[in-house]
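Have a look at the structure below, then the notes.
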Amino acid sequence: MSQKKPIFIVDAMLGNLAKKLRVLGYDSTYFSSIEDEKLVTIAKNEKRIILTKDELLCKTAQNQDIVSVLIRGNDEFEQIAQIHQIIKFEKFVIDTNNSRCIICNGKLQPIEKYRAIGKIPEGILEREEKFWMCDGCKKIYWQGTHFEKLQEFADKLNNRLQ
């Protein structure tokens, strides 16, 4: 039986990390501004792992039996490696069917091409065949050149974490 994927709540100092985790398919709640007390409450109620650079917040969480990871440094590979030490990630695969919206953390749903008409640039509509829409904010995604860069990022991560 496969273990349930960890879900995270990411503090305000780690917005880019939240986006990367979302792209990698991890539910990562993020607020650009939130009081520590509210963050801890959400983590506790939703059984989320706190990712933070704030030592005091990390200690507060641990005192309440909430798993938290103290993140040091700004290198994304290093940050994910620090999380991996506590929560053993499975192999990273960029899969648009499992990715989450980088804007709102919503789930991405495949949509028919015609539903993207008028909502994305014409050139992309001509070039791409597959599209996904966030079920939260309705942003539309496709596998452009950024997709290859993300796959390279995931491959580098997998090599570093083995």
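Identifiers in this document derive from the order of the structure tokens: chains are assigned A, B, ..., residues are numbered from 1 separately in each chain, and ligands are numbered from 1 in order of occurrence.
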Q) If you count only C-alpha atoms, which residues fall within 8 Å of stretch 74-89 of chain A, apart from same-chain ones fewer than 3 positions away, as an MDAnalysis selection string? A) chainID A and resid 6 17 69 71 92 157 160:161
Non-local contacts of stretch 109-126 of chain A (8 Å; only C-alpha atoms; under 3 positions in same chain excluded) as a JSON list (two decimals) with all heavy atoms, in the first residue's frame:
```json
[["chain", "number", "residue", "atom", "x", "y", "z"],
["A", 97, "ASN", "N", -0.70, 15.93, -14.75],
["A", 97, "ASN", "CA", -1.93, 15.39, -14.17],
["A", 97, "ASN", "C", -1.88, 15.33, -12.64],
["A", 97, "ASN", "O", -2.89, 15.14, -12.00],
["A", 97, "ASN", "CB", -2.24, 14.01, -14.75],
["A", 97, "ASN", "CG", -2.56, 14.10, -16.23],
["A", 97, "ASN", "OD1", -3.33, 14.95, -16.66],
["A", 97, "ASN", "ND2", -1.92, 13.25, -17.02],
["A", 129, "GLU", "N", -1.40, 20.82, -27.77],
["A", 129, "GLU", "CA", -2.62, 20.02, -27.90],
["A", 129, "GLU", "C", -3.29, 19.76, -26.56],
["A", 129, "GLU", "O", -4.50, 19.61, -26.48],
["A", 129, "GLU", "CB", -2.31, 18.67, -28.57],
["A", 129, "GLU", "CG", -2.01, 18.79, -30.06],
["A", 129, "GLU", "CD", -3.12, 19.48, -30.85],
["A", 129, "GLU", "OE1", -4.30, 19.16, -30.65],
["A", 129, "GLU", "OE2", -2.78, 20.37, -31.67],
["A", 130, "LYS", "N", -2.49, 19.70, -25.48],
["A", 130, "LYS", "CA", -3.04, 19.36, -24.17],
["A", 130, "LYS", "C", -3.05, 20.58, -23.26],
["A", 130, "LYS", "O", -2.06, 21.31, -23.19],
["A", 130, "LYS", "CB", -2.21, 18.24, -23.53],
["A", 130, "LYS", "CG", -2.33, 16.92, -24.24],
["A", 130, "LYS", "CD", -1.55, 15.87, -23.50],
["A", 130, "LYS", "CE", -1.79, 14.50, -24.09],
["A", 130, "LYS", "NZ", -1.04, 13.47, -23.36],
["A", 131, "PHE", "N", -4.16, 20.73, -22.55],
["A", 131, "PHE", "CA", -4.31, 21.86, -21.63],
["A", 131, "PHE", "C", -4.93, 21.39, -20.32],
["A", 131, "PHE", "O", -5.66, 20.40, -20.28],
["A", 131, "PHE", "CB", -5.20, 22.94, -22.27],
["A", 131, "PHE", "CG", -4.61, 23.52, -23.52],
["A", 131, "PHE", "CD1", -4.87, 22.97, -24.76],
["A", 131, "PHE", "CD2", -3.76, 24.61, -23.44],
["A", 131, "PHE", "CE1", -4.30, 23.49, -25.91],
["A", 131, "PHE", "CE2", -3.19, 25.14, -24.59],
["A", 131, "PHE", "CZ", -3.45, 24.58, -25.82],
["A", 132, "TRP", "N", -4.59, 22.10, -19.26],
["A", 132, "TRP", "CA", -5.14, 21.83, -17.93],
["A", 132, "TRP", "C", -5.64, 23.14, -17.36],
["A", 132, "TRP", "O", -5.06, 24.20, -17.60],
["A", 132, "TRP", "CB", -4.05, 21.27, -17.02],
["A", 132, "TRP", "CG", -3.62, 19.90, -17.41],
["A", 132, "TRP", "CD1", -4.05, 18.72, -16.88],
["A", 132, "TRP", "CD2", -2.68, 19.54, -18.42],
["A", 132, "TRP", "NE1", -3.43, 17.65, -17.50],
["A", 132, "TRP", "CE2", -2.59, 18.13, -18.45],
["A", 132, "TRP", "CE3", -1.89, 20.27, -19.32],
["A", 132, "TRP", "CZ2", -1.76, 17.45, -19.33],
["A", 132, "TRP", "CZ3", -1.07, 19.59, -20.20],
["A", 132, "TRP", "CH2", -1.00, 18.20, -20.20],
["A", 133, "MET", "N", -6.70, 23.06, -16.57],
["A", 133, "MET", "CA", -7.23, 24.26, -15.91],
["A", 133, "MET", "C", -7.26, 24.01, -14.41],
["A", 133, "MET", "O", -7.63, 22.93, -13.95],
["A", 133, "MET", "CB", -8.65, 24.57, -16.40],
["A", 133, "MET", "CG", -9.21, 25.85, -15.77],
["A", 133, "MET", "SD", -10.93, 26.16, -16.23],
["A", 133, "MET", "CE", -10.75, 26.72, -17.90],
["A", 134, "CYS", "N", -6.86, 25.03, -13.67],
["A", 134, "CYS", "CA", -6.92, 24.95, -12.21],
["A", 134, "CYS", "C", -8.38, 24.96, -11.79],
["A", 134, "CYS", "O", -9.15, 25.81, -12.24],
["A", 134, "CYS", "CB", -6.18, 26.14, -11.60],
["A", 134, "CYS", "SG", -6.42, 26.25, -9.82],
["A", 135, "ASP", "N", -8.75, 24.03, -10.92],
["A", 135, "ASP", "CA", -10.15, 23.99, -10.46],
["A", 135, "ASP", "C", -10.43, 25.08, -9.43],
["A", 135, "ASP", "O", -11.56, 25.28, -9.04],
["A", 135, "ASP", "CB", -10.57, 22.60, -9.97],
["A", 135, "ASP", "CG", -9.79, 22.10, -8.77],
["A", 135, "ASP", "OD1", -9.02, 22.88, -8.17],
["A", 135, "ASP", "OD2", -9.94, 20.91, -8.43],
["A", 140, "ILE", "N", -5.06, 28.55, -16.88],
["A", 140, "ILE", "CA", -4.86, 27.46, -17.83],
["A", 140, "ILE", "C", -3.36, 27.19, -17.97],
["A", 140, "ILE", "O", -2.55, 28.11, -18.06],
["A", 140, "ILE", "CB", -5.50, 27.80, -19.19],
["A", 140, "ILE", "CG1", -7.02, 27.90, -19.01],
["A", 140, "ILE", "CG2", -5.13, 26.75, -20.24],
["A", 140, "ILE", "CD1", -7.78, 28.31, -20.24]]
```
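For the set A:Cys137, A:Ser68, A:Glu37, A:Lys91, the residue with the smallest atom-to-atom gap to A:Asp155 is A:Lys91, counting only C-alpha atoms.
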Q: Quick one: everything within 6 Å of stretch 7-13 of chain A, counting only C-alpha atoms, minus sequence neighbours fewer than 5 positions away in the same chain. Send it as a ChimeraX atom specification.
A: /A:27-33,48-52
Q) In Å to one decimal, how far is atom CA of A:Asn159 from atom CA of A:Gly144? A) 23.7 Å
Q.
Can you measure atom CA of A:Gly73 to atom CA of A:Lys47 for me? One decimal in Å is fine.
A. 25.4 Å
Identify, on the basis of only C-alpha atoms, every residue whose closest approach to A:Leu150 does not exceed 12 Å; exclude the query and any residue fewer than 4 positions from it along the same chain; express the result as a tab-separated table (two decimals) with all heavy atoms, in the first residue's frame.
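File written: part-v4.tsv
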```
chain	number	residue	atom	x	y	z
A	19	LYS	N	5.85	27.07	-4.56
A	19	LYS	CA	5.56	26.90	-5.99
A	19	LYS	C	6.21	25.64	-6.54
A	19	LYS	O	5.59	24.89	-7.29
A	19	LYS	CB	6.06	28.12	-6.78
A	19	LYS	CG	5.19	29.34	-6.62
A	19	LYS	CD	5.73	30.50	-7.44
A	19	LYS	CE	4.89	31.74	-7.22
A	19	LYS	NZ	5.43	32.90	-7.95
A	20	LYS	N	7.46	25.41	-6.17
A	20	LYS	CA	8.17	24.21	-6.67
A	20	LYS	C	7.48	22.94	-6.17
A	20	LYS	O	7.29	21.99	-6.94
A	20	LYS	CB	9.63	24.21	-6.21
A	20	LYS	CG	10.57	25.00	-7.10
A	20	LYS	CD	10.71	24.37	-8.47
A	20	LYS	CE	11.78	24.96	-9.34
A	20	LYS	NZ	11.65	26.25	-9.86
A	21	LEU	N	7.10	22.93	-4.91
A	21	LEU	CA	6.42	21.75	-4.36
A	21	LEU	C	5.09	21.51	-5.08
A	21	LEU	O	4.72	20.38	-5.35
A	21	LEU	CB	6.22	21.90	-2.85
A	21	LEU	CG	7.49	21.78	-2.02
A	21	LEU	CD1	7.22	22.21	-0.59
A	21	LEU	CD2	8.06	20.36	-2.06
A	22	ARG	N	4.39	22.59	-5.41
A	22	ARG	CA	3.11	22.46	-6.12
A	22	ARG	C	3.33	21.85	-7.50
A	22	ARG	O	2.60	20.95	-7.91
A	22	ARG	CB	2.44	23.83	-6.25
A	22	ARG	CG	1.88	24.33	-4.93
A	22	ARG	CD	1.40	25.77	-5.04
A	22	ARG	NE	0.84	26.22	-3.77
A	22	ARG	CZ	0.42	27.45	-3.55
A	22	ARG	NH1	0.51	28.36	-4.49
A	22	ARG	NH2	-0.08	27.77	-2.37
A	23	VAL	N	4.35	22.33	-8.20
A	23	VAL	CA	4.66	21.80	-9.52
A	23	VAL	C	5.02	20.32	-9.43
A	23	VAL	O	4.68	19.53	-10.30
A	23	VAL	CB	5.82	22.60	-10.17
A	23	VAL	CG1	6.39	21.89	-11.38
A	23	VAL	CG2	5.36	24.00	-10.56
A	24	LEU	N	5.69	19.95	-8.34
A	24	LEU	CA	6.07	18.55	-8.13
A	24	LEU	C	4.89	17.69	-7.66
A	24	LEU	O	5.04	16.50	-7.45
A	24	LEU	CB	7.23	18.47	-7.12
A	24	LEU	CG	8.56	19.04	-7.62
A	24	LEU	CD1	9.54	19.23	-6.47
A	24	LEU	CD2	9.15	18.16	-8.71
A	25	GLY	N	3.73	18.33	-7.47
A	25	GLY	CA	2.53	17.58	-7.14
A	25	GLY	C	2.17	17.53	-5.67
A	25	GLY	O	1.31	16.76	-5.26
A	92	PHE	N	10.80	12.07	-7.75
A	92	PHE	CA	10.09	13.22	-8.31
A	92	PHE	C	9.84	13.02	-9.80
A	92	PHE	O	10.76	12.69	-10.54
A	92	PHE	CB	10.90	14.51	-8.11
A	92	PHE	CG	11.00	14.94	-6.68
A	92	PHE	CD1	12.21	14.83	-6.00
A	92	PHE	CD2	9.90	15.44	-6.01
A	92	PHE	CE1	12.31	15.23	-4.68
A	92	PHE	CE2	9.99	15.84	-4.68
A	92	PHE	CZ	11.20	15.73	-4.02
A	93	VAL	N	8.62	13.22	-10.20
A	93	VAL	CA	8.25	13.15	-11.60
A	93	VAL	C	7.36	14.35	-11.89
A	93	VAL	O	6.42	14.61	-11.14
A	93	VAL	CB	7.46	11.85	-11.91
A	93	VAL	CG1	7.04	11.81	-13.37
A	93	VAL	CG2	8.27	10.62	-11.55
A	94	ILE	N	7.69	15.07	-12.95
A	94	ILE	CA	6.81	16.17	-13.34
A	94	ILE	C	5.70	15.57	-14.18
A	94	ILE	O	5.94	15.03	-15.26
A	94	ILE	CB	7.59	17.24	-14.15
A	94	ILE	CG1	8.74	17.83	-13.33
A	94	ILE	CG2	6.63	18.34	-14.62
A	94	ILE	CD1	8.34	18.62	-12.12
A	95	ASP	N	4.51	15.63	-13.66
A	95	ASP	CA	3.35	15.07	-14.34
A	95	ASP	C	2.22	16.08	-14.20
A	95	ASP	O	1.72	16.31	-13.10
A	95	ASP	CB	2.97	13.73	-13.69
A	95	ASP	CG	1.72	13.11	-14.30
A	95	ASP	OD1	1.10	13.74	-15.19
A	95	ASP	OD2	1.36	12.00	-13.88
A	96	THR	N	1.86	16.68	-15.31
A	96	THR	CA	0.85	17.74	-15.27
A	96	THR	C	-0.46	17.24	-14.66
A	96	THR	O	-1.22	18.01	-14.10
A	96	THR	CB	0.59	18.29	-16.69
A	96	THR	OG1	1.85	18.39	-17.37
A	96	THR	CG2	-0.02	19.66	-16.65
A	99	SER	N	0.32	17.74	-10.94
A	99	SER	CA	0.80	19.04	-10.48
A	99	SER	C	-0.36	19.85	-9.92
A	99	SER	O	-1.53	19.56	-10.18
A	99	SER	CB	1.43	19.81	-11.64
A	99	SER	OG	2.63	19.21	-12.03
A	143	GLN	N	1.99	22.23	-21.55
A	143	GLN	CA	3.36	21.77	-21.42
A	143	GLN	C	4.25	22.52	-22.42
A	143	GLN	O	4.55	22.02	-23.48
A	143	GLN	CB	3.46	20.27	-21.67
A	143	GLN	CG	2.81	19.46	-20.61
A	143	GLN	CD	2.95	17.96	-20.86
A	143	GLN	OE1	3.40	17.52	-21.89
A	143	GLN	NE2	2.56	17.18	-19.87
A	144	GLY	N	4.68	23.71	-22.04
A	144	GLY	CA	5.57	24.49	-22.90
A	144	GLY	C	7.02	24.16	-22.59
A	144	GLY	O	7.33	23.13	-21.99
A	145	THR	N	7.92	25.06	-22.98
A	145	THR	CA	9.35	24.83	-22.76
A	145	THR	C	9.66	24.79	-21.26
A	145	THR	O	10.61	24.10	-20.85
A	145	THR	CB	10.19	25.93	-23.41
A	145	THR	OG1	9.70	27.20	-22.97
A	145	THR	CG2	10.12	25.85	-24.93
A	146	HIS	N	8.87	25.48	-20.46
A	146	HIS	CA	9.09	25.45	-19.01
A	146	HIS	C	8.94	24.03	-18.46
A	146	HIS	O	9.56	23.66	-17.48
A	146	HIS	CB	8.12	26.41	-18.29
A	146	HIS	CG	6.68	26.03	-18.46
A	146	HIS	ND1	5.98	26.30	-19.61
A	146	HIS	CD2	5.83	25.38	-17.64
A	146	HIS	CE1	4.74	25.83	-19.49
A	146	HIS	NE2	4.62	25.28	-18.31
A	154	ALA	N	13.52	18.23	-11.69
A	154	ALA	CA	13.13	16.99	-10.98
A	154	ALA	C	14.21	15.94	-11.12
A	154	ALA	O	14.53	15.24	-10.14
A	154	ALA	CB	11.79	16.47	-11.54
A	155	ASP	N	14.81	15.81	-12.29
A	155	ASP	CA	15.88	14.83	-12.50
A	155	ASP	C	17.08	15.15	-11.62
A	155	ASP	O	17.67	14.25	-11.00
A	155	ASP	CB	16.30	14.78	-13.97
A	155	ASP	CG	15.21	14.22	-14.88
A	155	ASP	OD1	14.26	13.58	-14.36
A	155	ASP	OD2	15.29	14.44	-16.10
A	156	LYS	N	17.45	16.43	-11.54
A	156	LYS	CA	18.58	16.84	-10.69
A	156	LYS	C	18.27	16.52	-9.23
A	156	LYS	O	19.13	16.06	-8.49
A	156	LYS	CB	18.87	18.34	-10.83
A	156	LYS	CG	19.65	18.70	-12.07
A	156	LYS	CD	19.95	20.19	-12.06
A	156	LYS	CE	20.48	20.67	-13.41
A	156	LYS	NZ	20.56	22.13	-13.48
A	157	LEU	N	17.04	16.79	-8.83
A	157	LEU	CA	16.62	16.49	-7.46
A	157	LEU	C	16.76	15.00	-7.17
A	157	LEU	O	17.31	14.61	-6.14
A	157	LEU	CB	15.16	16.87	-7.24
A	157	LEU	CG	14.83	18.25	-6.74
A	157	LEU	CD1	13.33	18.45	-6.70
A	157	LEU	CD2	15.44	18.53	-5.39
```
Q: Using DSSP on the backbone coordinates, identify the residues of stretch 12-152 of chain A assigned to strand (DSSP E or B); present them as a PyMOL selection string.
A: chain A and resi 28-30+49-52+68-70+100+107-111+131-134+140-142
